[in-house]
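Down below is the structure, laid out as structure tokens.
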2 protein chains.
Amino acid sequence: MQAQNAPEVPAAQNGNHGALISQLALRRVAIDTWRENVAYLHRDCAVYRAEGFQALSKIEVRANGRRILATLNVVDDLSIVGCRELGLSEDAFAQLGVENGHMVAVAQAEPPESMGALFRKISGERLERGDFLAIVRDIADHRYSKIELTAFVVACNRDELDREEVFFLSDAMVATGHRLDWHEPLVVDKHCIGGIPGNRTSMLIVPIVAAHGMLCPKTSSRAITSPAGTADTMEVLATVELPLEQLRDIVRDQRGCLAWGGTAHLSPADDVLISVERPLSIDSPGQMVASILSKKIAAGSTHLVLDIPIGPTAKVRSMPEAQRLRRLFEYVAQRMRLSLDVVITDGRQPIGNGIGPVLEARDVMRVLENDPRAPNDLRQKALRLAGRLIECDPDVRGGDGYAIARDILDSGRALARMQAIITAQGGKDFDHNNPQLGALTFEVSAPDSGVVAGINNLQIARIARLAGAPKVQGAGVDLLCKLGDTVIAGQTLYRVHAGFPTDLEFARQACSKTSGYYIGTADDVPRVFVEF
Amino acid sequence: MQAQNAPEVPAAQNGNHGALISQLALRRVAIDTWRENVAYLHRDCAVYRAEGFQALSKIEVRANGRRILATLNVVDDLSIVGCRELGLSEDAFAQLGVENGHMVAVAQAEPPESMGALFRKISGERLERGDFLAIVRDIADHRYSKIELTAFVVACNRDELDREEVFFLSDAMVATGHRLDWHEPLVVDKHCIGGIPGNRTSMLIVPIVAAHGMLCPKTSSRAITSPAGTADTMEVLATVELPLEQLRDIVRDQRGCLAWGGTAHLSPADDVLISVERPLSIDSPGQMVASILSKKIAAGSTHLVLDIPIGPTAKVRSMPEAQRLRRLFEYVAQRMRLSLDVVITDGRQPIGNGIGPVLEARDVMRVLENDPRAPNDLRQKALRLAGRLIECDPDVRGGDGYAIARDILDSGRALARMQAIITAQGGKDFDHNNPQLGALTFEVSAPDSGVVAGINNLQIARIARLAGAPKVQGAGVDLLCKLGDTVIAGQTLYRVHAGFPTDLEFARQACSKTSGYYIGTADDVPRVFVEF
């Protein structure tokens, strides 16, 4: 069938074909639908009937040169929305940015242009650079429904993206967002792939390297599937949602910051994708690499130290797997001209003692204050990673970084810098000697005497989340024993804090199924061979 | 790490841990959110604050021993929902089935039990019988969010289910729904895998085999991705949403019916899955087999003739692919003890002339009335498939089916039986000599003289859908030329009918990109080697 010719399509023969857009008065409907834009039309609205809209179809709303897409809900109550009105949910109303009563134009939304590329990915095809750009642009513009987003995420899951596709995806994520420029040749950052509860090294590394004089404008995420992200924990101490201008001032004055990255629109498509990755606990190598590297490039970083923890319940469970992931990170970083130093670390158990925003903030402040109760594993890991970052400084000799970092921490210069950053970010009252923990508690104790031979990162994280972390700042898990510790039967292994009875009960149910602790002998402790 | 011991979890130490459930007055909120249950709580509602709910989290609502799950929207307007009320969207309100003001209990929904199995499927694992049963039960109970449903559908897409898994899935779909029993040894049915516009053979086969005396209680679906399903087309002639009792009476009297299958809850999980398969145009072999066979088994069929059309733009494009699909159908049918006769047919182009509910009803009635304008391809295909079904009758000699079917059609007995079925199903006014077609029209004509060498099923279906079918019954495409016809430049190839200006314009835009017709020479017409 070689013959293909464009058909003749004559002009309109009947009807008014220009009337694709109809005008209605905007009404703010005080319903919070979170990240899903919802539009409300009355069933008797002339536009609804004339256009043949359907509940749950997508419509486009335009006003003042801006446009948003929203899912349609049909209303039968005139007190919610009138026949000549278009209602918008809170978020959608804010996005459109015009006042109540303003005239808006409404039309059926055409399907996103990238649907063809999405369908090809669903059926297993390899996509090209332009395909990823089209998909990511539609995602960043909120043109994808939850169903379409999920389909993209699941279709890209497992090892289905090749390394070139991961580069295309990362590059598209940068291209469709803002990009910061710090006008300095060396902008350093540190990131961990996640999965290890309590691993709050960034809050130590930033003040250390900033005190050394390096530029470290750290933007972090909130918890996705974990009981606390760096932004959640920093929020216990200071404001993390900062306007970009204020962020720039703080970074100029302090050489560092610890802010939430969401306000900077650094990789907006990634923020949208996370809304479906989270409920599915999806974190495939390709998506992880694209998510992390796109955010770092967009934030203006030139040098990145990346922490890949390895352990039986870490995200990465074997050295070959860690090396594969390292090579994927290195390939994409090189294509994107980012200098990358991957460090494979001990991920056999949580880092520090506290799991949850307040508990983790307590641990961080104890390390900074050189408090004898400070968890040594957190201190050592932060010093080693900070040392690697400091060695990016051309004036520092290879191997000297750790000692420089230790001097900065021991001398109190890291604490001073952290306090300055906290003050600049609008510091909150926090006393690490008397942290505001969730008042409802229970303890889990050792069933037998022996040696702590295993701590399940996933189960500890799950219990902390069920207890309310990170939403309830004072909720979480406080670990009183770590790997290799000798315990006697009945000794407390950890304490759970919650703010609400339901949360406490859910956490208790999870603990009674499996505590996440394994008591055995010293020989049962798993060995890992990592840099530190 | 062999040592694993159950931890000791002591009883509550603080707080009131029994208060997991809170009481509120039910309020019907007149918002139509289609198949997604939505609950509305005021931001100042004590339950919302005490339980630490979040917008978009899932909550469980209980009353009178029934329970439903709903997605939470938070409201700031007391006129929509008060502080001591729980609002439910229309569908959710109907599902719960208690009156306005009734006290309801509200609690955080625990994640569906099958989430572990779902996550394993997403990461590519093979699932066992119990896993499928758990997943399908949660889906049928509306415990999955749109995100979770999509993840399941996409993870099962492509050839990722093996034939045993497809059997497990089909079996679970039957086990979680109602199952009809007609108390007869021979209950016949016919089904097509879809993808061929206008292929309305069921509406001819049912009256033919019912007139022969066989029991053929046909339940059909509405259009999923096509411009019309059998239920949509039959709805032009009669009521298709029938209570089960009435359906039984009609089948007893007429030996057949043409009803929508949705009311019978035959495979409720399938109905839910379709809500995400449709927007993604997903129709993988495993899901197709499970969807079709589960519905047939649940409807009480003992013998099924299955039509697999093959062609360059059909769902199945090559004979090896058709044979693979046939073997999968045969394997699962045999495991489920259904007698199956697969027929591979010509799927190179649409069947009949009309595409869209009214246009297709017109074609069907013309065939039944032996009208000279009746499309012969539709007539021939229906007769051959009816013949295969009639040969399931032990009293009919192999090879005699076609002639028996033809006699029934030519003698007017099929028309009489169809009229009786239509009357029993509450017949509507329909005059096939003067069908109520969409008043807005345009025509597409041949750009050159030559032979119609290709008709793209997908593009013709897309144009008919954009024109408004099946939502607008009179919308669609009327084909004036078929494969192999000689045309001259400017001759009309097809006419598009629409009910709304926007629809007409979308259809026109699609036609101007590509008409779906290819004009070439007789040698360009693709050949297929099929049974008929």
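Convention: chains lettered A, B, ... in structure tokens order; per-chain residue numbering from 1; ligands numbered from 1 as shown.
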Notebook entry, point to check: Can you list every residue in stretch 224-462 of chain A that DSSP puts in alpha helix (DSSP H), as number ranges by chain?
Noted result: A: 230-237, 244-254, 268-280, 285-298, 319-335, 357-368, 376-390, 401-410, 413-424, 457-462
Note to self: Give me the residues near A:Ala424 as a PyMOL selection string, where near means some atom within 9 Å (using only C-alpha atoms) and where sequence neighbours in that chain fewer than 2 positions away do not count.
What the structure shows: chain A and resi 238+250+254+257+419-422+426-427
Return as a Markdown table the residues of stretch 147-207 of chain B lying at most 10 Å from stretch 454-468 of chain B, together with the closest atom-to-atom pair for each and the distance in Å to one decimal, counting only C-alpha atoms, with rows in chain order and ascending residue number.
| residue | atom | partner | partner_atom | distance |
| --- | --- | --- | --- | --- |
| B:Gly195 | CA | B:Asn457 | CA | 7.3 |
| B:Ile196 | CA | B:Asn457 | CA | 6.1 |
| B:Pro197 | CA | B:Ala461 | CA | 6.1 |
| B:Gly198 | CA | B:Ala461 | CA | 9.1 |
Output N, CA, C and O atoms for every residue in that selection, as a PDB file, in the first residue's frame.
ATOM      1  N   GLY B 195     -11.846  -3.964  17.346  1.00  0.00           N
ATOM      2  CA  GLY B 195     -10.891  -3.271  16.499  1.00  0.00           C
ATOM      3  C   GLY B 195     -11.369  -3.014  15.077  1.00  0.00           C
ATOM      4  O   GLY B 195     -10.712  -2.297  14.333  1.00  0.00           O
ATOM      5  N   ILE B 196     -12.509  -3.615  14.685  1.00  0.00           N
ATOM      6  CA  ILE B 196     -13.036  -3.420  13.335  1.00  0.00           C
ATOM      7  C   ILE B 196     -14.319  -2.592  13.422  1.00  0.00           C
ATOM      8  O   ILE B 196     -15.353  -3.100  13.869  1.00  0.00           O
ATOM      9  N   PRO B 197     -14.288  -1.345  12.974  1.00  0.00           N
ATOM     10  CA  PRO B 197     -15.487  -0.506  13.063  1.00  0.00           C
ATOM     11  C   PRO B 197     -16.653  -1.128  12.290  1.00  0.00           C
ATOM     12  O   PRO B 197     -16.457  -1.753  11.237  1.00  0.00           O
ATOM     13  N   GLY B 198     -17.845  -0.965  12.846  1.00  0.00           N
ATOM     14  CA  GLY B 198     -19.055  -1.403  12.137  1.00  0.00           C
ATOM     15  C   GLY B 198     -19.359  -2.877  12.212  1.00  0.00           C
ATOM     16  O   GLY B 198     -20.364  -3.337  11.651  1.00  0.00           O
TER      17      GLY B 198
END
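Of the residues listed (B:Lys295, B:Arg200, B:Arg28, B:Arg495), B:Arg200 shows the shortest atom-to-atom separation from B:Arg379; distances use only C-alpha atoms.
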Notebook entry, point to check: Within 12 Å of A:Ile297, counting only C-alpha atoms, which residues qualify if same-chain residues fewer than 2 places away don't, as an MDAnalysis selection string?
Noted result: chainID A and resid 170:175 177:182 187:189 219 266:267 289:295 299:304 332:340
Give me a file of those residues, with N, CA, C and O atoms, as a short mmCIF file (atom, residue, chain, number, x, y, z; two decimals), in the first residue's frame.
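Written out: result02.cif:
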data_model
loop_
_atom_site.label_atom_id
_atom_site.label_comp_id
_atom_site.auth_asym_id
_atom_site.auth_seq_id
_atom_site.Cartn_x
_atom_site.Cartn_y
_atom_site.Cartn_z
N SER A 170 16.66 12.98 31.49
CA SER A 170 17.27 13.95 32.41
C SER A 170 17.36 15.31 31.75
O SER A 170 17.03 16.35 32.34
N ASP A 171 17.81 15.29 30.50
CA ASP A 171 18.02 16.53 29.76
C ASP A 171 16.68 17.25 29.55
O ASP A 171 16.58 18.47 29.70
N ALA A 172 15.64 16.48 29.26
CA ALA A 172 14.32 17.07 29.05
C ALA A 172 13.81 17.68 30.36
O ALA A 172 13.16 18.73 30.35
N MET A 173 14.11 17.03 31.47
CA MET A 173 13.66 17.56 32.77
C MET A 173 14.33 18.90 33.07
O MET A 173 13.70 19.80 33.63
N VAL A 174 15.60 19.03 32.70
CA VAL A 174 16.29 20.31 32.90
C VAL A 174 15.72 21.36 31.94
O VAL A 174 15.43 22.49 32.33
N ALA A 175 15.51 20.95 30.68
CA ALA A 175 15.08 21.90 29.64
C ALA A 175 13.70 22.49 29.92
O ALA A 175 13.39 23.57 29.45
N GLY A 177 12.43 23.26 32.93
CA GLY A 177 12.33 23.96 34.21
C GLY A 177 13.26 25.16 34.27
O GLY A 177 13.91 25.49 33.28
N HIS A 178 13.28 25.80 35.42
CA HIS A 178 14.23 26.90 35.61
C HIS A 178 15.62 26.31 35.85
O HIS A 178 15.78 25.16 36.22
N ARG A 179 16.65 27.17 35.65
CA ARG A 179 18.02 26.73 35.89
C ARG A 179 18.75 27.86 36.57
O ARG A 179 18.73 29.00 36.10
N LEU A 180 19.37 27.55 37.71
CA LEU A 180 20.06 28.60 38.47
C LEU A 180 21.49 28.76 37.97
O LEU A 180 22.10 27.79 37.52
N ASP A 181 21.98 29.97 38.03
CA ASP A 181 23.37 30.23 37.66
C ASP A 181 24.00 31.04 38.80
O ASP A 181 23.57 32.15 39.10
N TRP A 182 25.02 30.47 39.45
CA TRP A 182 25.64 31.13 40.61
C TRP A 182 26.85 31.96 40.23
O TRP A 182 27.48 32.55 41.10
N VAL A 187 30.60 24.93 42.10
CA VAL A 187 29.38 24.90 42.92
C VAL A 187 29.19 23.44 43.32
O VAL A 187 28.94 22.58 42.46
N VAL A 188 29.32 23.14 44.61
CA VAL A 188 29.34 21.74 45.03
C VAL A 188 28.00 21.32 45.65
O VAL A 188 27.23 22.15 46.13
N ASP A 189 27.74 20.02 45.59
CA ASP A 189 26.53 19.48 46.20
C ASP A 189 26.80 18.03 46.56
O ASP A 189 27.74 17.41 46.07
N THR A 219 19.57 22.39 47.80
CA THR A 219 18.11 22.32 47.78
C THR A 219 17.73 20.86 47.91
O THR A 219 18.29 20.00 47.23
N LEU A 266 12.89 23.76 39.67
CA LEU A 266 14.13 23.32 39.05
C LEU A 266 13.90 22.18 38.07
O LEU A 266 14.54 22.09 37.05
N SER A 267 12.99 21.29 38.39
CA SER A 267 12.71 20.16 37.50
C SER A 267 11.24 19.83 37.71
O SER A 267 10.89 18.84 38.32
N VAL A 289 18.17 8.22 38.43
CA VAL A 289 19.27 8.99 37.85
C VAL A 289 18.75 10.29 37.25
O VAL A 289 19.29 11.37 37.48
N ALA A 290 17.66 10.20 36.49
CA ALA A 290 17.10 11.40 35.83
C ALA A 290 16.63 12.40 36.88
O ALA A 290 16.87 13.60 36.76
N SER A 291 15.96 11.90 37.91
CA SER A 291 15.43 12.78 38.94
C SER A 291 16.57 13.51 39.66
O SER A 291 16.56 14.73 39.79
N ILE A 292 17.58 12.77 40.09
CA ILE A 292 18.66 13.37 40.88
C ILE A 292 19.51 14.30 40.03
O ILE A 292 19.75 15.46 40.38
N LEU A 293 19.97 13.81 38.88
CA LEU A 293 20.90 14.64 38.10
C LEU A 293 20.22 15.86 37.49
O LEU A 293 20.81 16.93 37.41
N SER A 294 18.94 15.73 37.09
CA SER A 294 18.27 16.91 36.52
C SER A 294 18.13 18.00 37.58
O SER A 294 18.35 19.18 37.29
N LYS A 295 17.82 17.61 38.81
CA LYS A 295 17.69 18.60 39.88
C LYS A 295 19.04 19.28 40.15
O LYS A 295 19.10 20.49 40.39
N ALA A 299 19.98 23.15 39.51
CA ALA A 299 20.34 23.97 40.68
C ALA A 299 21.70 24.63 40.48
O ALA A 299 22.17 25.35 41.37
N GLY A 300 22.36 24.37 39.35
CA GLY A 300 23.61 25.05 39.04
C GLY A 300 24.86 24.38 39.58
O GLY A 300 25.94 24.97 39.59
N SER A 301 24.75 23.11 40.03
CA SER A 301 25.92 22.42 40.58
C SER A 301 26.92 22.08 39.48
O SER A 301 26.53 21.74 38.36
N THR A 302 28.20 22.16 39.82
CA THR A 302 29.25 21.73 38.89
C THR A 302 29.91 20.44 39.37
O THR A 302 30.42 19.67 38.57
N HIS A 303 29.89 20.21 40.69
CA HIS A 303 30.54 19.03 41.27
C HIS A 303 29.57 18.37 42.26
O HIS A 303 29.02 19.06 43.12
N LEU A 304 29.43 17.06 42.14
CA LEU A 304 28.49 16.34 43.00
C LEU A 304 29.16 15.13 43.62
O LEU A 304 29.80 14.34 42.91
N VAL A 332 25.45 9.43 32.47
CA VAL A 332 24.54 10.56 32.28
C VAL A 332 25.19 11.86 32.77
O VAL A 332 25.09 12.91 32.12
N ALA A 333 25.93 11.79 33.90
CA ALA A 333 26.59 12.99 34.43
C ALA A 333 27.60 13.52 33.40
O ALA A 333 27.67 14.73 33.16
N GLN A 334 28.34 12.61 32.78
CA GLN A 334 29.34 13.03 31.80
C GLN A 334 28.66 13.68 30.59
O GLN A 334 29.12 14.72 30.10
N ARG A 335 27.52 13.09 30.14
CA ARG A 335 26.79 13.69 29.00
C ARG A 335 26.29 15.09 29.37
O ARG A 335 26.12 15.94 28.51
N MET A 336 26.00 15.29 30.67
CA MET A 336 25.44 16.57 31.10
C MET A 336 26.52 17.50 31.66
O MET A 336 26.20 18.56 32.20
N ARG A 337 27.78 17.09 31.55
CA ARG A 337 28.94 17.91 31.96
C ARG A 337 28.91 18.25 33.45
O ARG A 337 29.17 19.38 33.85
N LEU A 338 28.58 17.26 34.26
CA LEU A 338 28.62 17.41 35.71
C LEU A 338 29.76 16.54 36.22
O LEU A 338 29.85 15.36 35.86
N SER A 339 30.62 17.10 37.06
CA SER A 339 31.71 16.32 37.64
C SER A 339 31.15 15.51 38.81
O SER A 339 30.60 16.07 39.75
N LEU A 340 31.26 14.18 38.71
CA LEU A 340 30.57 13.31 39.67
C LEU A 340 31.55 12.40 40.40
O LEU A 340 32.40 11.77 39.78
#
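Among the candidate residues B:Glu113, B:Asp448, B:Glu531, B:Glu99, the one lying nearest to B:Ile310 is B:Glu531, with distances computed using only C-alpha atoms.
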Margin query: Env of B:Ile408: 12 Å cut, atoms = only C-alpha atoms, seq-sep filter 3 positions within chain, self excluded. Answer as a count of residues only.
Written below: 30
Note to self: Measuring between only C-alpha atoms, which one of A:Gln349, A:Thr239, A:Ser226, A:Thr33 shows the shortest distance to chain B?
What the structure shows: A:Thr33
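Among the candidate residues A:Gly82, A:Gly101, A:Pro447, A:Pro470, the one lying nearest to chain B is A:Pro447, with distances computed using only C-alpha atoms.
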Note to self: Under the rule that only C-alpha atoms are counted, which of B:Gln323, B:Gln380, B:Thr176, B:Ser89 is the nearest residue to chain A?
What the structure shows: B:Ser89
Checklist line | Given only C-alpha atoms as the counted atoms, nearest of B:Val343, B:Ala489, B:Ala322, B:Ile351 to chain A | finding: B:Ala489
Quick one: residues within 7 Å of stretch 520-523 of chain B, only C-alpha atoms, excluding same-chain residues fewer than 4 positions away - as a short mmCIF file (atom, residue, chain, number, x, y, z; two decimals) with N, CA, C and O atoms, in the first residue's frame?
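Final output, saved to part00.cif:
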data_model
loop_
_atom_site.label_atom_id
_atom_site.label_comp_id
_atom_site.auth_asym_id
_atom_site.auth_seq_id
_atom_site.Cartn_x
_atom_site.Cartn_y
_atom_site.Cartn_z
N ALA A 3 0.48 3.84 -2.08
CA ALA A 3 -0.25 5.05 -2.43
C ALA A 3 -0.83 5.73 -1.20
O ALA A 3 -1.61 5.13 -0.47
N GLY B 450 -8.66 6.07 -9.12
CA GLY B 450 -7.92 4.84 -8.86
C GLY B 450 -8.79 3.83 -8.15
O GLY B 450 -10.03 3.88 -8.26
N VAL B 451 -8.12 2.93 -7.42
CA VAL B 451 -8.84 1.89 -6.70
C VAL B 451 -8.62 2.12 -5.20
O VAL B 451 -7.51 2.48 -4.79
N VAL B 452 -9.67 1.93 -4.38
CA VAL B 452 -9.50 2.03 -2.93
C VAL B 452 -8.61 0.87 -2.49
O VAL B 452 -9.02 -0.29 -2.55
N ALA B 453 -7.38 1.20 -2.11
CA ALA B 453 -6.38 0.16 -1.85
C ALA B 453 -6.13 -0.02 -0.36
O ALA B 453 -5.38 -0.92 0.04
N GLY B 484 -11.19 -2.08 -2.88
CA GLY B 484 -11.30 -2.63 -4.23
C GLY B 484 -12.22 -1.83 -5.13
O GLY B 484 -12.23 -2.06 -6.35
#
Next item on the list: Please indicate the distance in Å from atom CA of A:Val61 to atom CA of A:Pro243, rounded to one decimal place.
Entry: 27.6 Å
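Within the 10 Å cut-off around B:Asn353, using only C-alpha atoms and omitting residues fewer than 6 positions from it on the same chain, the listed residues are Pro197, Gly198, Asn199, Leu359, Glu360, Arg362, Asp363, Ala374, Pro375, Asn376, Asp377, Leu378, Val477, Asp478, Leu479, Leu480, Cys481, Lys482 and Tyr494 of chain B.
Between atom CA of A:Lys190 and atom CA of A:Asp307 the interatomic distance comes to 7.7 Å.
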Item checked: Sel. of strand (DSSP E) residues, stretch 62-223 of chain A, as a ChimeraX atom specification -> /A:62-63,66-75,85-88,103-108,188-192,216-220
